[in-house]
Amino acid sequence: MNVQSSKNVESKSENSNEHENLRAHVVSTGDLQVAAVFPSKLRVQEVLEIVQDQTSVEVSQVEIIEAGDPKMSEKLERNSASIGKSMWSSHLLLGSIGLIVGLVTAFLLTQFGPALTQQNPLFTYIALISPGIFIGLFIAGLIGLRPDRNEVIQTVRHAVRYGKVALVINLKKSQSASKVSQLLKQHTDKVVESIR
């Protein structure tokens, strides 16, 4: 039985390392947020002390959200101007990429493609630039929706609505999201992570 439990621990640690390594390729840990739900503020304070003792999480990174907190939105989200700027730049970038892909594809088809595209270059350009721009903007919109963000926000709102307290930790680049999450999971069953 000891051998079996040690194998389970090894496989769990391997899974968390894979989880963290995959995310590390996509986004830095400095852009991650971990939220956990607790029954009382006293329990949050106890767990927070444990987290601070065992990790490098500082008080400035922590937000505690209780029922009736008037600054809940500010504690969960960054400045709305930076969110808007991010959405604007992603739409410009991906829309431009779509335009360029459409132009390059249309050029190649009008130069080396079938006779239909070579004889009708204007229609070929129109037919390929329009979907290129549309697909680029559509992908930017999907990125802006951020369904992973919705999980953290809805979990915290639901907890606060029912009188519980949420602990939200905004991680720095040098901190391990899986270590903080595993530590919180030892004290509560509701822990969620998201990119900020």
# chains A, B, ... in the order shown; residues from 1 in each chain; ligands from 1
>>> residues_around(residues="Ser90 in chain A", least_positions_apart="5", cutoff="10 Å", atoms="only C-alpha atoms", output="PyMOL selection string")
chain A and resi 84-85+95-96+136-137+139-141+143-144
>>> write_last_selection(atoms="N, CA and C atoms", output="compact mmCIF listing (two decimals), in the first residue's frame")
# COMPACT_ATOMS: atom_id res chain seq x y z
N GLY A 84 -9.11 47.42 -22.07
CA GLY A 84 -9.54 47.99 -23.34
C GLY A 84 -8.38 48.16 -24.32
N LYS A 85 -7.25 48.61 -23.79
CA LYS A 85 -6.06 48.78 -24.63
C LYS A 85 -5.60 47.44 -25.18
N GLY A 95 -6.32 41.57 -36.92
CA GLY A 95 -6.97 42.03 -38.15
C GLY A 95 -5.95 42.32 -39.24
N SER A 96 -4.82 42.93 -38.87
CA SER A 96 -3.74 43.21 -39.83
C SER A 96 -3.12 41.92 -40.34
N GLY A 136 -9.27 37.12 -38.58
CA GLY A 136 -8.37 37.76 -37.62
C GLY A 136 -9.12 38.48 -36.52
N LEU A 137 -10.15 39.24 -36.89
CA LEU A 137 -10.95 39.96 -35.89
C LEU A 137 -11.76 38.99 -35.03
N ILE A 139 -10.89 35.91 -34.16
CA ILE A 139 -9.96 35.31 -33.20
C ILE A 139 -9.63 36.32 -32.09
N ALA A 140 -9.45 37.58 -32.45
CA ALA A 140 -9.19 38.61 -31.43
C ALA A 140 -10.38 38.74 -30.48
N GLY A 141 -11.59 38.63 -31.00
CA GLY A 141 -12.78 38.67 -30.16
C GLY A 141 -12.84 37.49 -29.21
N ILE A 143 -10.30 35.85 -28.07
CA ILE A 143 -9.28 36.08 -27.05
C ILE A 143 -9.79 37.08 -26.02
N GLY A 144 -10.53 38.09 -26.47
CA GLY A 144 -11.07 39.10 -25.57
C GLY A 144 -12.16 38.57 -24.64
>>> select_by_dssp(residues="range 38-111 of chain A", states="strand (DSSP E)", output="ChimeraX atom specification")
/A:38,62-65
>>> select_by_dssp(residues="range 35-163 of chain A", states="helix (DSSP H, G or I)", output="PyMOL selection string")
chain A and resi 41-54+59-61+72-76+80-112+115-119+121-145+147-161
>>> residues_around(residues="Pro39 in chain A", least_positions_apart="3", cutoff="10 Å", atoms="only C-alpha atoms", output="MDAnalysis selection string")
chainID A and resid 42:44 159:160 162:166 188
>>> closest_residue(among="A:Arg157, A:Phe134, A:Ile195, A:Asp148", to="Leu92 in chain A", atoms="only C-alpha atoms")
A:Phe134
>>> residues_around(residues="Thr155 in chain A", least_positions_apart="5", cutoff="12 Å", atoms="only C-alpha atoms", output="ChimeraX atom specification")
/A:34-38,65,76,148-150,160-162,164-168,190-194
>>> write_last_selection(atoms="C-alpha atoms", output="PDB file, in the first residue's frame")
ATOM      1  CA  VAL A  34      -5.331  32.096  -8.064  1.00  0.00           C
ATOM      2  CA  ALA A  35      -8.590  32.318  -6.113  1.00  0.00           C
ATOM      3  CA  ALA A  36      -9.839  30.150  -3.253  1.00  0.00           C
ATOM      4  CA  VAL A  37     -13.111  30.132  -1.319  1.00  0.00           C
ATOM      5  CA  PHE A  38     -13.297  29.803   2.478  1.00  0.00           C
ATOM      6  CA  ILE A  65     -13.214  39.650  -0.858  1.00  0.00           C
ATOM      7  CA  LEU A  76     -10.747  40.903  -9.310  1.00  0.00           C
ATOM      8  CA  ASP A 148     -10.964  31.141 -18.244  1.00  0.00           C
ATOM      9  CA  ARG A 149     -11.340  34.541 -16.556  1.00  0.00           C
ATOM     10  CA  ASN A 150     -15.062  33.985 -16.212  1.00  0.00           C
ATOM     11  CA  VAL A 160     -19.541  36.129  -1.816  1.00  0.00           C
ATOM     12  CA  ARG A 161     -23.255  35.934  -2.615  1.00  0.00           C
ATOM     13  CA  TYR A 162     -23.613  33.003  -0.205  1.00  0.00           C
ATOM     14  CA  LYS A 164     -18.299  33.010   2.069  1.00  0.00           C
ATOM     15  CA  VAL A 165     -14.949  34.771   1.749  1.00  0.00           C
ATOM     16  CA  ALA A 166     -12.660  34.627  -1.282  1.00  0.00           C
ATOM     17  CA  LEU A 167      -8.879  34.848  -1.210  1.00  0.00           C
ATOM     18  CA  VAL A 168      -7.389  36.115  -4.478  1.00  0.00           C
ATOM     19  CA  LYS A 190     -12.612  25.329  -4.283  1.00  0.00           C
ATOM     20  CA  VAL A 191      -9.451  26.716  -5.934  1.00  0.00           C
ATOM     21  CA  VAL A 192      -9.422  28.203  -9.437  1.00  0.00           C
ATOM     22  CA  GLU A 193      -6.664  29.727 -11.577  1.00  0.00           C
ATOM     23  CA  SER A 194      -6.742  32.127 -14.473  1.00  0.00           C
TER      24      SER A 194
END
>>> closest_residue(among="A:Gln111, A:Thr105, A:Ser56, A:Ser86", to="Ile126 in chain A", atoms="only C-alpha atoms")
A:Thr105
>>> residues_around(residues="Gly98 in chain A", least_positions_apart="4", cutoff="7 Å", atoms="only C-alpha atoms", output="count of residues only")
6
>>> residues_around(residues="Ile169 in chain A", least_positions_apart="2", cutoff="6 Å", atoms="only C-alpha atoms", output="short mmCIF file (atom, residue, chain, number, x, y, z; two decimals) with C-alpha atoms, in the first residue's frame")
data_model
loop_
_atom_site.label_atom_id
_atom_site.label_comp_id
_atom_site.auth_asym_id
_atom_site.auth_seq_id
_atom_site.Cartn_x
_atom_site.Cartn_y
_atom_site.Cartn_z
CA GLN A 33 -4.31 34.80 -10.56
CA VAL A 34 -5.33 32.10 -8.06
CA GLN A 61 -0.40 40.48 -3.87
CA VAL A 62 -3.39 39.35 -1.83
#
>>> atom_distance(atom1="CA of Leu109 in chain A", atom2="CA of Tyr125 in chain A")
9.2 Å
